[in-house]
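Student: My structure file target_21.cif, mmCIF, C-alpha atoms, is below:
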```cif
data_input
#
loop_
_atom_site.group_PDB
_atom_site.id
_atom_site.type_symbol
_atom_site.label_atom_id
_atom_site.label_comp_id
_atom_site.auth_asym_id
_atom_site.auth_seq_id
_atom_site.Cartn_x
_atom_site.Cartn_y
_atom_site.Cartn_z
ATOM 1 C CA MET A 1 -9.965 44.834 9.502
ATOM 2 C CA ALA A 2 -7.934 41.863 10.776
ATOM 3 C CA LYS A 3 -9.803 38.844 12.030
ATOM 4 C CA ARG A 4 -9.380 38.006 15.666
ATOM 5 C CA LYS A 5 -9.620 34.796 17.600
ATOM 6 C CA ARG A 6 -12.224 34.333 20.246
ATOM 7 C CA ILE A 7 -10.565 32.663 23.193
ATOM 8 C CA PHE A 8 -12.805 31.741 26.091
ATOM 9 C CA LYS A 9 -11.768 31.624 29.701
ATOM 10 C CA LYS A 10 -10.944 28.377 31.417
ATOM 11 C CA HIS A 11 -14.037 26.206 32.001
ATOM 12 C CA GLU A 12 -16.152 28.569 29.901
ATOM 13 C CA LEU A 13 -17.071 26.921 26.624
ATOM 14 C CA PRO A 14 -19.128 28.828 24.032
ATOM 15 C CA SER A 15 -22.794 27.919 23.934
ATOM 16 C CA ASP A 16 -24.520 26.440 20.890
ATOM 17 C CA ASP A 17 -26.378 29.629 20.044
ATOM 18 C CA ILE A 18 -23.227 31.642 19.288
ATOM 19 C CA ILE A 19 -21.535 28.947 17.200
ATOM 20 C CA THR A 20 -22.535 30.015 13.702
ATOM 21 C CA ASP A 21 -20.863 30.342 10.313
ATOM 22 C CA GLU A 22 -19.778 33.845 11.307
ATOM 23 C CA TYR A 23 -18.187 32.565 14.519
ATOM 24 C CA VAL A 24 -16.204 29.941 12.609
ATOM 25 C CA GLU A 25 -15.176 32.290 9.792
ATOM 26 C CA GLN A 26 -13.732 34.886 12.149
ATOM 27 C CA PHE A 27 -11.608 32.336 13.981
ATOM 28 C CA LEU A 28 -7.979 32.247 12.832
ATOM 29 C CA LEU A 29 -7.009 28.610 12.386
ATOM 30 C CA ASN A 30 -3.396 27.753 11.629
ATOM 31 C CA ARG A 31 -2.327 24.843 9.422
ATOM 32 C CA MET A 32 -1.874 22.454 12.342
ATOM 33 C CA GLU A 33 -5.356 23.175 13.702
ATOM 34 C CA LYS A 34 -6.966 22.725 10.268
ATOM 35 C CA ARG A 35 -5.214 19.398 9.766
ATOM 36 C CA ILE A 36 -6.337 18.167 13.179
ATOM 37 C CA ILE A 37 -9.982 19.000 12.466
ATOM 38 C CA ASP A 38 -9.875 17.339 9.051
ATOM 39 C CA LEU A 39 -8.212 14.199 10.437
ATOM 40 C CA ILE A 40 -10.813 13.843 13.179
ATOM 41 C CA TYR A 41 -13.568 14.348 10.610
ATOM 42 C CA ARG A 42 -12.196 11.614 8.358
ATOM 43 C CA PHE A 43 -11.685 9.084 11.184
ATOM 44 C CA ARG A 44 -14.365 10.216 13.678
ATOM 45 C CA ALA A 45 -12.277 9.867 16.865
ATOM 46 C CA LEU A 46 -8.552 9.640 17.655
ATOM 47 C CA ASP A 47 -6.287 9.422 20.678
ATOM 48 C CA THR A 48 -3.827 12.259 21.273
ATOM 49 C CA LYS A 49 -0.926 9.923 20.451
ATOM 50 C CA ASP A 50 -2.521 8.803 17.174
ATOM 51 C CA ILE A 51 -3.115 12.377 16.058
ATOM 52 C CA GLN A 52 0.590 12.954 16.634
ATOM 53 C CA LEU A 53 1.473 9.777 14.716
ATOM 54 C CA ALA A 54 -0.815 10.489 11.776
ATOM 55 C CA LEU A 55 0.199 14.119 11.324
ATOM 56 C CA GLY A 56 3.871 13.612 12.147
ATOM 57 C CA TYR A 57 4.225 16.393 14.718
ATOM 58 C CA LYS A 58 7.418 15.969 16.729
ATOM 59 C CA SER A 59 6.569 18.616 19.316
ATOM 60 C CA TYR A 60 4.097 17.027 21.702
ATOM 61 C CA PRO A 61 3.580 20.241 23.749
ATOM 62 C CA ASN A 62 2.680 22.197 20.588
ATOM 63 C CA LEU A 63 0.177 19.537 19.595
ATOM 64 C CA VAL A 64 -1.445 19.527 23.034
ATOM 65 C CA THR A 65 -1.690 23.341 22.925
ATOM 66 C CA ALA A 66 -3.447 23.170 19.542
ATOM 67 C CA LEU A 67 -5.848 20.485 20.815
ATOM 68 C CA LYS A 68 -6.717 22.570 23.869
ATOM 69 C CA LYS A 69 -7.401 25.662 21.726
ATOM 70 C CA LEU A 70 -9.713 23.680 19.481
ATOM 71 C CA TYR A 71 -11.459 22.182 22.501
ATOM 72 C CA VAL A 72 -11.953 25.515 24.298
ATOM 73 C CA ASN A 73 -13.508 27.006 21.175
ATOM 74 C CA ARG A 74 -15.602 23.901 20.464
ATOM 75 C CA PHE A 75 -14.059 22.839 17.184
ATOM 76 C CA ILE A 76 -13.427 19.495 18.858
ATOM 77 C CA THR A 77 -14.487 17.843 22.067
ATOM 78 C CA ARG A 78 -12.721 15.203 24.127
ATOM 79 C CA ARG A 79 -13.268 12.344 26.528
ATOM 80 C CA ALA A 80 -11.012 10.235 28.689
ATOM 81 C CA ARG A 81 -10.844 6.465 28.754
ATOM 82 C CA PRO A 82 -12.467 4.826 31.760
ATOM 83 C CA TYR A 83 -9.846 4.271 34.426
ATOM 84 C CA GLU A 84 -9.998 0.477 34.153
ATOM 85 C CA LEU A 85 -9.407 0.660 30.360
ATOM 86 C CA ARG A 86 -6.473 3.074 30.376
ATOM 87 C CA VAL A 87 -3.557 2.240 28.119
ATOM 88 C CA GLU A 88 0.067 2.108 29.139
ATOM 89 C CA THR A 89 2.036 5.040 27.720
ATOM 90 C CA LYS A 90 5.388 6.677 28.253
ATOM 91 C CA GLY A 91 5.125 10.190 29.661
ATOM 92 C CA GLN A 92 2.185 12.618 29.387
ATOM 93 C CA ASN A 93 -0.034 9.796 30.598
ATOM 94 C CA GLY A 94 -3.034 12.020 31.314
ATOM 95 C CA GLU A 95 -3.073 13.560 27.834
ATOM 96 C CA ASN A 96 -2.590 10.168 26.207
ATOM 97 C CA GLN A 97 -5.782 8.859 27.829
ATOM 98 C CA LEU A 98 -7.850 11.445 25.937
ATOM 99 C CA PHE A 99 -9.549 10.883 22.619
ATOM 100 C CA HIS A 100 -10.924 13.656 20.460
ATOM 101 C CA MET A 101 -14.052 14.078 18.314
ATOM 102 C CA LEU A 102 -15.687 16.867 16.336
ATOM 103 C CA ASP A 103 -17.768 19.493 18.101
ATOM 104 C CA LYS A 104 -20.221 22.006 16.658
ATOM 105 C CA ALA A 105 -17.732 24.617 15.378
ATOM 106 C CA GLY A 106 -15.655 21.856 13.788
ATOM 107 C CA VAL A 107 -18.730 20.535 11.999
ATOM 108 C CA ILE A 108 -19.413 23.978 10.513
ATOM 109 C CA TYR A 109 -15.757 24.329 9.511
ATOM 110 C CA ILE A 110 -15.854 20.955 7.711
ATOM 111 C CA LYS A 111 -19.129 21.834 5.964
ATOM 112 C CA ASN A 112 -17.562 24.998 4.593
ATOM 113 C CA TYR A 113 -14.171 23.442 3.803
ATOM 114 C CA TYR A 114 -15.675 20.587 1.752
ATOM 115 C CA ASP A 115 -18.404 22.851 0.340
ATOM 116 C CA LEU A 116 -21.170 20.620 1.691
ATOM 117 C CA GLU A 117 -24.763 21.750 1.385
ATOM 118 C CA LYS A 118 -25.681 21.399 5.057
ATOM 119 C CA THR A 119 -24.127 20.340 8.362
ATOM 120 C CA GLN A 120 -26.000 17.017 8.235
ATOM 121 C CA ASP A 121 -23.786 16.099 5.278
ATOM 122 C CA VAL A 122 -20.804 16.032 7.661
ATOM 123 C CA LYS A 123 -22.379 12.831 9.087
ATOM 124 C CA TRP A 124 -21.990 13.910 12.672
ATOM 125 C CA ALA A 125 -24.437 14.087 15.556
ATOM 126 C CA LEU A 126 -23.942 14.947 19.210
ATOM 127 C CA ARG A 127 -25.109 11.489 20.257
ATOM 128 C CA ASP A 128 -22.114 10.010 18.402
ATOM 129 C CA ASN A 129 -19.818 11.649 20.961
ATOM 130 C CA GLU A 130 -21.796 10.314 23.893
ATOM 131 C CA VAL A 131 -21.865 6.571 23.195
ATOM 132 C CA LYS A 132 -20.318 4.202 25.712
ATOM 133 C CA TYR A 133 -16.558 3.833 25.460
ATOM 134 C CA GLU A 134 -16.881 0.141 24.596
ATOM 135 C CA TYR A 135 -18.539 1.175 21.321
ATOM 136 C CA MET A 136 -15.754 3.662 20.605
ATOM 137 C CA GLU A 137 -12.940 1.107 20.878
ATOM 138 C CA HIS A 138 -13.361 -0.129 17.312
ATOM 139 C CA VAL A 139 -13.419 3.474 16.031
ATOM 140 C CA LEU A 140 -10.193 4.276 17.892
ATOM 141 C CA GLU A 141 -8.440 1.097 16.746
ATOM 142 C CA ASN A 142 -9.468 1.825 13.164
ATOM 143 C CA ALA A 143 -7.929 5.296 13.438
ATOM 144 C CA HIS A 144 -4.829 3.815 15.091
ATOM 145 C CA ALA A 145 -4.223 1.468 12.139
ATOM 146 C CA TYR A 146 -4.295 4.464 9.800
ATOM 147 C CA ALA A 147 -1.986 6.485 12.085
ATOM 148 C CA VAL A 148 0.546 3.637 12.094
ATOM 149 C CA LEU A 149 0.656 3.653 8.291
ATOM 150 C CA GLU A 150 1.086 7.430 8.119
ATOM 151 C CA ALA A 151 3.866 7.286 10.706
ATOM 152 C CA ALA A 152 5.685 4.561 8.768
ATOM 153 C CA ILE A 153 5.687 6.732 5.646
ATOM 154 C CA LYS A 154 6.918 9.802 7.528
ATOM 155 C CA ASN A 155 9.640 7.887 9.369
ATOM 156 C CA ASN A 156 10.884 6.614 6.015
ATOM 157 C CA ASN A 157 12.751 3.738 7.663
ATOM 158 C CA SER A 158 11.721 1.076 5.166
ATOM 159 C CA LYS A 159 14.388 1.191 2.446
ATOM 160 C CA LYS A 160 14.286 -2.595 2.282
ATOM 161 C CA ASN A 161 10.593 -2.279 1.309
ATOM 162 C CA ASN A 162 11.253 0.451 -1.304
ATOM 163 C CA ILE A 163 9.412 3.192 0.577
ATOM 164 C CA THR A 164 10.501 6.616 -0.673
ATOM 165 C CA ARG A 165 9.969 10.225 0.341
ATOM 166 C CA LYS A 166 7.458 10.549 -2.482
ATOM 167 C CA ASP A 167 5.187 7.888 -0.978
ATOM 168 C CA LYS A 168 1.958 9.287 0.411
ATOM 169 C CA ILE A 169 -1.615 8.482 1.268
ATOM 170 C CA VAL A 170 -3.656 10.423 -1.254
ATOM 171 C CA GLU A 171 -6.985 9.766 0.417
ATOM 172 C CA ALA A 172 -8.200 7.993 3.562
ATOM 173 C CA TRP A 173 -11.632 7.608 5.157
ATOM 174 C CA CYS A 174 -13.263 5.568 7.903
ATOM 175 C CA ASP A 175 -16.517 3.619 7.594
ATOM 176 C CA ARG A 176 -18.662 6.649 8.484
ATOM 177 C CA HIS A 177 -17.921 8.026 5.006
ATOM 178 C CA LEU A 178 -17.942 4.729 3.096
ATOM 179 C CA TYR A 179 -21.548 3.835 2.406
ATOM 180 C CA LEU A 180 -21.085 1.784 -0.780
ATOM 181 C CA ARG A 181 -24.353 1.239 -2.600
ATOM 182 C CA PHE A 182 -24.517 -0.841 -5.768
ATOM 183 C CA TYR A 183 -26.834 -2.984 -7.887
ATOM 184 C CA ASN A 184 -26.101 -6.621 -8.720
ATOM 185 C CA GLY A 185 -29.419 -8.304 -9.411
ATOM 186 C CA LYS A 186 -30.814 -6.248 -6.565
ATOM 187 C CA GLU A 187 -29.619 -3.302 -4.511
ATOM 188 C CA TYR A 188 -26.896 -3.888 -1.922
ATOM 189 C CA HIS A 189 -24.912 -1.676 0.402
ATOM 190 C CA PHE A 190 -22.073 -2.107 2.872
ATOM 191 C CA SER A 191 -19.402 -0.084 4.663
ATOM 192 C CA PRO A 192 -15.747 -1.181 4.869
ATOM 193 C CA ASP A 193 -13.973 -0.126 8.059
ATOM 194 C CA ALA A 194 -11.614 2.118 6.092
ATOM 195 C CA PHE A 195 -10.316 2.982 2.649
ATOM 196 C CA TYR A 196 -6.796 4.142 1.751
ATOM 197 C CA LYS A 197 -5.597 5.412 -1.620
ATOM 198 C CA TYR A 198 -1.819 5.091 -1.613
ATOM 199 C CA TYR A 199 0.714 6.572 -4.063
ATOM 200 C CA THR A 200 4.105 4.908 -4.531
ATOM 201 C CA ASP A 201 6.560 4.494 -7.400
ATOM 202 C CA GLY A 202 4.325 6.335 -9.870
ATOM 203 C CA LYS A 203 1.323 4.110 -9.136
ATOM 204 C CA VAL A 204 -1.826 4.510 -7.046
ATOM 205 C CA TYR A 205 -3.047 1.529 -5.022
ATOM 206 C CA GLY A 206 -6.420 1.166 -3.353
ATOM 207 C CA PHE A 207 -6.980 -0.639 -0.061
ATOM 208 C CA PHE A 208 -10.123 -1.448 1.821
ATOM 209 C CA VAL A 209 -9.427 -2.250 5.468
ATOM 210 C CA GLU A 210 -11.286 -4.523 7.860
ATOM 211 C CA LEU A 211 -10.184 -4.246 11.474
ATOM 212 C CA ASP A 212 -11.200 -7.519 13.078
ATOM 213 C CA ARG A 213 -11.237 -7.523 16.876
ATOM 214 C CA GLY A 214 -11.931 -11.239 17.172
ATOM 215 C CA THR A 215 -15.519 -10.776 18.337
ATOM 216 C CA MET A 216 -17.322 -11.570 15.066
ATOM 217 C CA SER A 217 -18.089 -15.159 14.080
ATOM 218 C CA VAL A 218 -15.860 -16.278 11.238
ATOM 219 C CA SER A 219 -18.695 -18.088 9.479
ATOM 220 C CA GLY A 220 -22.255 -19.151 10.141
ATOM 221 C CA THR A 221 -25.805 -18.260 9.236
ATOM 222 C CA PRO A 222 -25.894 -15.665 6.398
ATOM 223 C CA ASN A 223 -26.964 -12.122 7.292
ATOM 224 C CA TYR A 224 -26.171 -12.636 10.982
ATOM 225 C CA GLY A 225 -23.064 -10.474 11.128
ATOM 226 C CA THR A 226 -20.416 -13.070 10.264
ATOM 227 C CA PHE A 227 -17.203 -12.362 8.398
ATOM 228 C CA ASP A 228 -18.665 -14.467 5.580
ATOM 229 C CA ASP A 229 -21.196 -11.720 4.951
ATOM 230 C CA LYS A 230 -18.436 -9.185 4.320
ATOM 231 C CA VAL A 231 -16.801 -11.460 1.745
ATOM 232 C CA PHE A 232 -20.111 -11.761 -0.098
ATOM 233 C CA PHE A 233 -20.612 -7.990 -0.243
ATOM 234 C CA TYR A 234 -17.032 -7.321 -1.374
ATOM 235 C CA GLU A 235 -17.293 -9.858 -4.175
ATOM 236 C CA MET A 236 -20.713 -8.622 -5.302
ATOM 237 C CA TYR A 237 -19.394 -5.047 -5.283
ATOM 238 C CA ALA A 238 -16.325 -6.020 -7.355
ATOM 239 C CA ASP A 239 -18.538 -7.872 -9.815
ATOM 240 C CA ALA A 240 -21.021 -5.011 -10.212
ATOM 241 C CA LYS A 241 -18.709 -2.024 -10.607
ATOM 242 C CA LYS A 242 -16.288 -0.838 -13.278
ATOM 243 C CA GLU A 243 -14.751 1.856 -11.074
ATOM 244 C CA TYR A 244 -13.962 1.661 -7.374
ATOM 245 C CA LEU A 245 -13.810 5.016 -5.576
ATOM 246 C CA GLY A 246 -11.972 6.560 -8.496
ATOM 247 C CA LEU A 247 -9.817 3.500 -9.245
ATOM 248 C CA SER A 248 -10.064 1.189 -12.256
ATOM 249 C CA LYS A 249 -8.918 -1.845 -10.263
ATOM 250 C CA MET A 250 -10.746 -3.333 -7.299
ATOM 251 C CA PRO A 251 -8.841 -2.400 -4.105
ATOM 252 C CA THR A 252 -7.147 -5.119 -2.085
ATOM 253 C CA CYS A 253 -8.857 -5.841 1.227
ATOM 254 C CA LEU A 254 -6.424 -5.760 4.173
ATOM 255 C CA VAL A 255 -7.754 -7.658 7.181
ATOM 256 C CA ILE A 256 -5.974 -6.670 10.406
ATOM 257 C CA THR A 257 -6.849 -8.962 13.278
ATOM 258 C CA THR A 258 -5.799 -9.980 16.770
ATOM 259 C CA THR A 259 -3.681 -13.143 16.483
ATOM 260 C CA LYS A 260 -1.968 -15.300 13.860
ATOM 261 C CA ASP A 261 -4.429 -18.115 14.553
ATOM 262 C CA ARG A 262 -7.324 -15.752 13.942
ATOM 263 C CA ALA A 263 -5.702 -14.573 10.690
ATOM 264 C CA VAL A 264 -5.418 -18.180 9.509
ATOM 265 C CA ALA A 265 -9.043 -18.907 10.428
ATOM 266 C CA LEU A 266 -10.251 -15.834 8.554
ATOM 267 C CA ALA A 267 -8.136 -16.689 5.506
ATOM 268 C CA LYS A 268 -9.634 -20.193 5.369
ATOM 269 C CA SER A 269 -13.129 -18.789 5.788
ATOM 270 C CA VAL A 270 -12.679 -16.268 2.990
ATOM 271 C CA ARG A 271 -11.415 -18.921 0.585
ATOM 272 C CA ALA A 272 -14.337 -21.209 1.418
ATOM 273 C CA LYS A 273 -16.835 -18.400 0.900
ATOM 274 C CA GLN A 274 -15.316 -17.385 -2.436
ATOM 275 C CA GLN A 275 -15.550 -20.998 -3.606
ATOM 276 C CA GLU A 276 -19.123 -21.265 -2.362
ATOM 277 C CA ILE A 277 -20.335 -18.190 -4.271
ATOM 278 C CA ASN A 278 -17.921 -18.833 -7.185
ATOM 279 C CA ARG A 279 -16.480 -15.327 -7.101
ATOM 280 C CA HIS A 280 -12.759 -14.568 -6.799
ATOM 281 C CA LYS A 281 -12.276 -10.955 -7.905
ATOM 282 C CA VAL A 282 -11.273 -9.572 -4.502
ATOM 283 C CA LYS A 283 -7.807 -10.118 -3.077
ATOM 284 C CA PHE A 284 -7.874 -10.489 0.705
ATOM 285 C CA LEU A 285 -4.665 -10.245 2.763
ATOM 286 C CA PHE A 286 -4.478 -11.014 6.493
ATOM 287 C CA THR A 287 -2.154 -9.893 9.281
ATOM 288 C CA THR A 288 -2.197 -9.021 12.971
ATOM 289 C CA LEU A 289 -2.258 -5.575 14.530
ATOM 290 C CA LYS A 290 1.032 -6.331 16.268
ATOM 291 C CA LEU A 291 2.760 -7.095 12.953
ATOM 292 C CA TRP A 292 1.145 -4.049 11.333
ATOM 293 C CA GLU A 293 2.513 -1.839 14.109
ATOM 294 C CA HIS A 294 5.975 -3.406 13.786
ATOM 295 C CA ASP A 295 6.386 -3.063 10.006
ATOM 296 C CA CYS A 296 3.256 -2.429 7.952
ATOM 297 C CA PHE A 297 5.314 -2.391 4.723
ATOM 298 C CA GLY A 298 6.985 -5.725 5.411
ATOM 299 C CA LYS A 299 6.067 -9.247 4.326
ATOM 300 C CA ILE A 300 3.516 -9.623 7.094
ATOM 301 C CA PHE A 301 0.429 -10.790 5.187
ATOM 302 C CA ILE A 302 -0.953 -14.187 4.252
ATOM 303 C CA SER A 303 -3.521 -14.638 1.500
ATOM 304 C CA SER A 304 -6.585 -16.854 1.340
ATOM 305 C CA HIS A 305 -4.373 -19.308 -0.620
ATOM 306 C CA PHE A 306 -1.646 -19.419 2.031
ATOM 307 C CA GLU A 307 -1.767 -23.218 2.322
ATOM 308 C CA GLU A 308 -0.584 -23.586 -1.289
ATOM 309 C CA ASN A 309 1.812 -20.654 -1.252
ATOM 310 C CA LYS A 310 3.652 -20.263 2.044
ATOM 311 C CA THR A 311 5.363 -17.025 0.937
ATOM 312 C CA PRO A 312 4.161 -14.001 2.942
ATOM 313 C CA TYR A 313 3.109 -10.876 1.073
ATOM 314 C CA THR A 314 3.522 -7.143 1.373
ATOM 315 C CA MET A 315 0.392 -5.025 1.084
ATOM 316 C CA PHE A 316 1.316 -4.106 -2.519
ATOM 317 C CA GLU A 317 1.709 -7.656 -3.869
#
```
Kindly transcribe the structure held in the file into C-alpha cells.
Tutor:
Amino acid sequence: MAKRKRIFKKHELPSDDIITDEYVEQFLLNRMEKRIIDLIYRFRALDTKDIQLALGYKSYPNLVTALKKLYVNRFITRRARPYELRVETKGQNGENQLFHMLDKAGVIYIKNYYDLEKTQDVKWALRDNEVKYEYMEHVLENAHAYAVLEAAIKNNNSKKNNITRKDKIVEAWCDRHLYLRFYNGKEYHFSPDAFYKYYTDGKVYGFFVELDRGTMSVSGTPNYGTFDDKVFFYEMYADAKKEYLGLSKMPTCLVITTTKDRAVALAKSVRAKQQEINRHKVKFLFTTLKLWEHDCFGKIFISSHFEENKTPYTMFE
C-alpha cells in the first residue's frame, strides 16, 4: 500500500501525542524537504534566505512551499524577527524575516536518519526554540557564514581563486554538535562555533570557525570569556590530539569578525597568547563578515603574524 502524506488544515498543527515514529515514517518527504531538515539540524536555525543560499535553490516560491509543508506538519517550526530588528531585503520581505528551527517530527526524522539511539541525541529541546531573539542572533550569523560559503561554491564564479565544479563541503556542523573533549594534563572541553571539511583539488581541508560579533573582550582575566581563552583551548587541543575530527592535520581556525580594526586587534591578541603559553600549532586567520560575503575564496585574511608579512591570505594558505 502506498504511503500517504498527512496534510493538516490551515492553523491546525498536529499535537505532540500523534507525532511518533509511525507518523514520521508514513510522511513522504522529497529530496528538497530532507535537505532542509538536515541543514537546520546541523546549524540549529536559519533564515529563509540562508536556506536558499546554502542549498542553492533558484526557485524561491518552491522553497517557501517546502518550508510551509514542513512547518504545517511540524518537521520544523518558525519565528519572525522582532519588528525593530528586521533586515533589509529585496522582495518577499515577510518570508525573509522568518527563521526556521527543528520541531518534534523533524527531531524524530533526524534520529532515524542518523541512526541515533534516542531523540535526546539530536541535541534539541523545545526551550531552544523559545529563547529571546537576541540570543539567536549569533546562531543565525553562524549559519549565514556557512550559507555564504556554500553559495560561493555553487555560483562557481571564482576562477581566479581556482574554485572548480568538484569543490564541495564534505561536512559542516555548528557548535551544538562540536563538544570537543580532550586530555592534556587534565580534562578540557570546548566548542568551536563551526567546523567545515572542504574538498578541493584532490585534498581535504579542515576549518574551525569563530564568528566574533565584537562583544567579547579580546584579552583579560583567564576563564572570564575572553578571546584569549579560546586560543588556549585550541592550542591545548592541537597539542593533545593526533587526529582532528577525522583529519591528520589540525584545522585552520577562521575568525570572522565585524571590522578590520577588530580583526587586527584579535590577530595581535592571538599572537601574544601563543607566545605567552609557548604553543604555536594552530593557524589563525582573520577577516570581516563583509569581506567574507564579498569573496570568501579571495585574499581576505590576515594572520597573527600580519605585521611581519603584509601579504593577505586565502583560507587555504
Student: Run the PyMOL selection byres ((chain A and resi 56-73) around 10) against the file shown and list the residues it catches, as a PyMOL selection string.
Tutor: chain A and resi 5-15+19+23-24+27+29-30+32-34+36-37+48-55+74-78+92+95-96+100-106+147+150-155
Student: Using the chain letters and numbering of this document, enumerate as a list in words the residues selected by the PyMOL selection byres ((chain A and resi 267) around 9).
Tutor: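 So the PyMOL selection byres ((chain A and resi 267) around 9) ends up selecting Arg262, Ala263, Val264, Ala265, Leu266, Lys268, Ser269, Val270, Arg271, Ala272, Phe284, Leu285, Phe286, Ile302, Ser303, Ser304, His305 and Phe306 of chain A.
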Student: Evaluate the PyMOL selection byres ((chain A and resi 314-316) around 12) and record the selected residues as a PyMOL selection string, following the chain and residue labels used in the document.
Tutor: chain A and resi 149+160-163+196-201+203-209+251-256+283-287+291-292+295-303+311-313+317
Student: Between A:Leu98, A:Ile40, A:Val139, A:Ala240, which residue has the minimum interatomic distance to A:Asp212, considering only C-alpha atoms?
Tutor: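 Checking each of A:Leu98, A:Ile40, A:Val139, A:Ala240 against A:Asp212, counting only C-alpha atoms, the winner is A:Val139.
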Student: Mind giving me the straight-line distance from atom CA of A:Met236 to atom CA of A:Glu307 in Å, one decimal?
Tutor: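 So the answer is 25.1 Å.
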Student: Between A:Tyr237, A:Tyr133, A:His144, A:Val170, which residue has the minimum interatomic distance to A:Tyr183, considering all atoms listed in the file?
Tutor: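 Going through A:Tyr237, A:Tyr133, A:His144, A:Val170 one by one, the smallest distance to A:Tyr183 is for A:Tyr237.
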Student: Which one is closest to A:His138: A:Glu187, A:Asp115, A:Asp261, A:Asp193? Count all atoms listed in the file.
Tutor: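 That would be A:Asp193, the residue with the smallest distance to A:His138.
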Student: Quick check, in Å to one decimal: how far apart do atom CA of A:Arg79 and atom CA of A:Val131 lie?
Tutor: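 It comes out at 10.9 Å.
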Student: From the set A:Ala238, A:Leu39, A:Leu247, A:Leu140, which residue has the shortest atom-to-atom contact distance to A:Val282, counting all atoms listed in the file?
Tutor: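 Result for the nearest residue to A:Val282: A:Ala238.
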Student: Kindly give the distance, in Å, that separates atom CA of A:Val231 and atom CA of A:His177, rounded to a single decimal.
Tutor: 19.8 Å
Student: Counting all atoms listed in the file, which residue out of A:Val148, A:Ile108, A:Asn278, A:Phe195 sits closest to A:Gln120?
Tutor: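 Closest candidate: A:Ile108.
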Student: Point out the residue among A:Lys168, A:Arg279, A:Arg181, A:Arg176 with the least atom-to-atom distance to A:Gly202, counting all atoms listed in the file.
Tutor: A:Lys168
Student: Could you name the residues that touch A:Leu178 at 10 Å or less, counting all atoms listed in the file, but leaving out those on the same chain fewer than 2 positions away, as a ChimeraX atom specification?
Tutor: /A:173-176,180-181,189-195,245
Student: Specify the axis-aligned box that encloses all atoms of stretch 293-299 of chain A listed in the file after padding of 3 Å on each side, stating its centre and edge lengths in Å to one decimal as JSON.
Tutor:
```
{"center_x": 4.7, "center_y": -5.5, "center_z": 9.2, "size_x": 10.5, "size_y": 13.4, "size_z": 15.8}
```
